[in-house]
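Novice: I am sharing work_29.txt, which consists of compact mmCIF, C-alpha atoms and all ligand atoms:
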```
# COMPACT_ATOMS: atom_id res chain seq x y z
CA MET A 1 76.08 85.25 145.28
CA THR A 2 79.02 84.98 142.85
CA GLU A 3 82.40 84.83 144.53
CA ILE A 4 84.61 87.40 142.78
CA VAL A 5 87.87 86.70 144.60
CA GLU A 6 88.85 84.14 147.18
CA ALA A 7 88.46 85.46 150.73
CA PRO A 8 91.52 85.35 152.99
CA SER A 9 91.62 82.86 155.83
CA GLY A 10 89.74 83.99 158.95
CA TYR A 11 86.79 83.25 161.18
CA SER A 12 83.19 83.36 160.11
CA GLY A 13 79.93 82.89 161.88
CA HIS A 14 76.34 83.98 161.57
CA GLY A 15 76.54 87.43 159.95
CA PHE A 16 80.22 88.07 160.44
CA PHE A 17 83.64 87.36 158.98
CA ALA A 18 86.88 88.34 160.71
CA THR A 19 90.42 88.32 159.40
CA SER A 20 93.59 90.35 159.93
CA LEU A 21 94.09 93.80 158.38
CA GLU A 22 97.26 92.52 156.68
CA LYS A 23 95.34 89.74 154.94
CA ALA A 24 92.50 92.06 153.87
CA VAL A 25 94.99 94.57 152.43
CA GLY A 26 96.88 91.73 150.73
CA MET A 27 93.68 90.52 149.07
CA ALA A 28 92.80 94.03 147.83
CA ARG A 29 96.30 94.74 146.53
CA LYS A 30 96.62 91.37 144.86
CA ASN A 31 93.50 91.94 142.79
CA SER A 32 94.13 95.55 141.78
CA ILE A 33 97.73 95.63 140.54
CA TRP A 34 98.32 98.54 138.15
CA PRO A 35 101.13 97.67 135.73
CA LEU A 36 103.47 100.15 134.10
CA PRO A 37 104.47 98.63 130.74
CA PHE A 38 108.05 99.66 129.94
CA ALA A 39 108.13 98.16 126.46
CA THR A 40 110.97 98.77 124.05
CA SER A 41 110.58 96.04 121.42
CA CYS A 42 108.85 92.83 120.33
CA CYS A 43 108.02 91.50 123.83
CA GLY A 44 105.87 94.62 124.18
CA ILE A 45 103.74 93.44 121.25
CA GLU A 46 103.25 90.09 122.97
CA PHE A 47 102.17 91.97 126.09
CA MET A 48 99.57 93.85 124.04
CA ALA A 49 98.13 90.47 123.03
CA THR A 50 98.13 89.45 126.71
CA ALA A 51 96.24 92.58 127.73
CA ALA A 52 93.69 92.43 124.91
CA SER A 53 90.31 90.72 124.95
CA HIS A 54 91.35 87.12 124.26
CA TYR A 55 93.64 86.75 127.30
CA ASP A 56 92.14 89.76 129.13
CA LEU A 57 94.25 91.27 131.90
CA GLY A 58 91.00 92.59 133.36
CA ARG A 59 90.37 89.14 134.84
CA PHE A 60 93.21 89.91 137.25
CA GLY A 61 92.16 93.48 138.02
CA SER A 62 95.15 94.74 136.03
CA GLU A 63 93.54 96.16 132.90
CA ARG A 64 94.29 99.70 134.04
CA LEU A 65 97.77 100.25 132.63
CA SER A 66 99.62 103.13 134.19
CA PHE A 67 102.01 105.28 132.20
CA SER A 68 102.70 107.39 135.25
CA PRO A 69 105.22 105.81 137.66
CA ARG A 70 103.53 107.38 140.67
CA GLN A 71 100.27 105.58 139.96
CA ALA A 72 101.77 102.15 139.25
CA ASP A 73 102.42 99.07 141.39
CA LEU A 74 104.14 96.74 138.94
CA LEU A 75 106.95 97.71 136.59
CA MET A 76 106.85 95.33 133.62
CA VAL A 77 110.04 95.55 131.57
CA MET A 78 109.72 94.04 128.11
CA GLY A 79 112.31 94.19 125.42
CA THR A 80 115.94 95.02 124.79
CA ILE A 81 117.28 97.66 127.16
CA ALA A 82 120.15 99.59 125.62
CA LYS A 83 122.71 100.91 128.08
CA LYS A 84 121.67 104.43 127.10
CA MET A 85 118.14 103.54 128.20
CA ALA A 86 119.23 102.09 131.55
CA PRO A 87 119.25 105.40 133.50
CA VAL A 88 115.74 106.13 132.24
CA LEU A 89 114.47 102.74 133.40
CA ARG A 90 116.08 103.26 136.77
CA GLU A 91 114.54 106.70 137.14
CA VAL A 92 111.09 105.28 136.37
CA TYR A 93 111.67 102.61 139.05
CA GLU A 94 112.78 105.19 141.59
CA GLN A 95 109.73 107.36 140.89
CA MET A 96 107.34 104.53 141.70
CA ALA A 97 105.96 104.59 145.23
CA GLU A 98 106.42 101.67 147.60
CA PRO A 99 105.25 99.00 147.71
CA LYS A 100 106.28 98.18 144.14
CA TRP A 101 107.18 95.06 142.23
CA VAL A 102 109.15 94.33 139.06
CA LEU A 103 108.51 91.70 136.39
CA SER A 104 111.16 91.07 133.74
CA MET A 105 109.52 89.73 130.59
CA GLY A 106 111.56 87.81 128.04
CA ALA A 107 115.18 86.96 127.42
CA CYS A 108 116.28 90.49 126.47
CA ALA A 109 115.06 92.20 129.64
CA SER A 110 116.25 89.31 131.82
CA SER A 111 119.70 88.72 130.35
CA GLY A 112 120.26 90.75 127.18
CA GLY A 113 118.95 87.78 125.17
CA ILE A 114 120.62 87.24 121.85
CA PHE A 115 122.12 90.75 122.01
CA ASP A 116 125.39 89.93 123.75
CA THR A 117 126.94 93.18 122.67
CA TYR A 118 128.59 96.29 124.13
CA SER A 119 125.51 98.51 123.77
CA VAL A 120 122.90 96.28 125.45
CA LEU A 121 122.32 95.91 129.18
CA GLN A 122 122.82 92.23 130.03
CA GLY A 123 119.79 92.02 132.31
CA ILE A 124 117.81 94.70 134.13
CA ASP A 125 118.77 93.21 137.49
CA LYS A 126 122.11 94.93 137.00
CA ILE A 127 120.37 98.23 137.81
CA ILE A 128 117.08 97.44 139.62
CA PRO A 129 115.79 94.53 141.73
CA VAL A 130 113.52 92.04 139.95
CA ASP A 131 110.77 89.97 141.62
CA VAL A 132 109.74 87.63 138.79
CA TYR A 133 111.43 86.63 135.53
CA VAL A 134 109.41 85.32 132.60
CA PRO A 135 111.59 83.32 130.18
CA GLY A 136 111.07 83.14 126.41
CA CYS A 137 111.71 85.01 123.18
CA PRO A 138 109.01 86.16 123.23
CA PRO A 139 107.11 84.49 126.08
CA ARG A 140 103.61 83.37 125.19
CA PRO A 141 100.74 85.32 126.77
CA GLU A 142 100.08 82.30 129.02
CA GLN A 143 103.61 82.66 130.40
CA VAL A 144 103.10 86.38 130.98
CA LEU A 145 99.87 85.66 132.85
CA ASP A 146 101.70 83.03 134.91
CA GLY A 147 104.32 85.66 135.77
CA ILE A 148 101.61 88.12 136.82
CA MET A 149 99.98 85.43 138.97
CA ARG A 150 103.35 84.83 140.69
CA ILE A 151 103.56 88.56 141.35
CA GLN A 152 100.03 88.35 142.79
CA GLU A 153 101.23 85.65 145.21
CA LEU A 154 104.07 87.90 146.38
CA VAL A 155 101.71 90.87 146.74
CA GLN A 156 99.19 88.88 148.76
CA LYS A 157 101.81 87.50 151.16
CA GLU A 158 103.74 90.75 151.64
CA GLU A 159 104.10 91.67 155.31
CA PHE A 160 103.46 95.29 156.32
CA GLY A 161 106.96 95.87 157.66
CA ARG A 162 108.90 94.30 154.78
CA ARG A 163 109.75 97.54 152.96
CA LYS A 164 111.33 98.98 156.10
CA SER A 165 113.16 95.81 157.11
CA PRO A 166 116.98 95.88 157.30
CA GLU A 167 117.16 93.12 154.65
CA TYR A 168 115.09 95.10 152.14
CA LEU A 169 116.98 98.34 152.78
CA LYS A 170 120.27 96.49 152.42
CA MET A 171 119.14 95.01 149.11
CA LEU A 172 118.26 98.51 147.81
CA GLU A 173 121.58 99.81 149.09
CA GLY A 174 123.28 97.11 147.00
CA TYR A 175 121.74 98.82 143.96
CA GLY A 176 122.73 102.26 145.22
CA ILE A 177 119.04 103.15 145.71
CA LYS A 178 118.04 105.18 148.78
S1 LIG B 1 113.17 88.42 124.14
FE1 LIG B 1 112.91 88.05 121.93
S2 LIG B 1 110.83 88.77 121.52
FE2 LIG B 1 111.46 89.68 123.48
S3 LIG B 1 112.32 91.67 122.98
FE3 LIG B 1 113.99 90.19 122.99
S4 LIG B 1 114.21 89.54 120.86
FE4 LIG B 1 112.21 90.50 121.07
```
As structure tokens, how would this structure be written, given the file I've shared?
Ligand code: SF4
Specialist:
Amino acid sequence: MTEIVEAPSGYSGHGFFATSLEKAVGMARKNSIWPLPFATSCCGIEFMATAASHYDLGRFGSERLSFSPRQADLLMVMGTIAKKMAPVLREVYEQMAEPKWVLSMGACASSGGIFDTYSVLQGIDKIIPVDVYVPGCPPRPEQVLDGIMRIQELVQKEEFGRRKSPEYLKMLEGYGIK
């Protein structure tokens, strides 16, 4: 039988395999991340190349892009974010259900990039928390895939209680998010 994904650690014997619920859920979530592409400029084009057949996001169970925040797990921010756009990005983040993750793709989303100017947000982490940053202008599809695989690692290892922990709530409070 072909192994589709790696099984979590556990105990196996004749006709049975046992693991914890947390690990089973982690495995399922890791391999079915639905990204919401928030693309404003050229990094978005590079993401399209990443998703298409040559690099194939489907290999990671993430080919189903979600343009509805309520049916998305991973907010992927790609491109220059103007300050006028910042409240929109934040609203999209707030509309996503927990658990959710954020990937910042490219120099513009991560730091404003070359646009060190009054109208451009100098990094999305000024308004929302970010889990993984992918450097580059634009990053190559291999880098984007590496970023998604790092998100997968976080998703797999996430403990059930993390989103209700005092540390997590305090971090959200720091962003003024309830
Ligand atoms: S990081 Fe470079 S490629 Fe990406 S949106 Fe900014 S200018 Fe465009």
Novice: Which residues are close to range 35-49 of chain A, i.e. within 9 Å by all atoms listed in the file, leaving aside same-chain residues fewer than 4 positions away? Reply as a ChimeraX atom specification.
Specialist: /A:53-56,62-69,71-81,89,105-106,108,137-141,144
Novice: Between CA of Ile177 in chain A and CA of Pro129 in chain A, measure the distance and give it in Å to one decimal.
Specialist: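 Distance between the two atoms: 10.0 Å.
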Novice: Would you mind telling me which residue in A:Gly161, A:Ile114, A:Tyr11, A:Ala97 lies nearest to ligand LIG 1 (chain B) when using all atoms listed in the file?
Specialist: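 Residue with the minimum atom-to-atom distance to ligand LIG 1 (chain B): A:Ile114.
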Novice: Of the candidates A:Leu154, A:Ala109, A:Met171, A:Ile128, which one gets nearest to ligand LIG 1 (chain B) if we count all atoms listed in the file?
Specialist: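 Nearest candidate to ligand LIG 1 (chain B) out of A:Leu154, A:Ala109, A:Met171, A:Ile128: A:Ala109.
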Novice: For Tyr175 in chain A, work out the shell of residues within 12 Å, counting all atoms listed in the file and skipping chain neighbours fewer than 6 positions away, then give it as a ChimeraX atom specification.
Specialist: /A:90,93-94,124-130,168-169
Novice: Report, in Å to a single decimal, how far apart atom S2 of ligand LIG 1 (chain B) and CA of Glu98 in chain A are.
Specialist: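 Rounded to one decimal, the two atoms are 29.4 Å apart.
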Novice: If you take every atom of ligand LIG 1 (chain B) that the file lists and fit an axis-aligned box around them with 6 Å extra on each side, what centre and edge lengths come out in Å to one decimal, as AutoDock Vina command-line options?
Specialist:
```
--center_x 112.5 --center_y 89.9 --center_z 122.5 --size_x 15.4 --size_y 15.6 --size_z 15.3
```
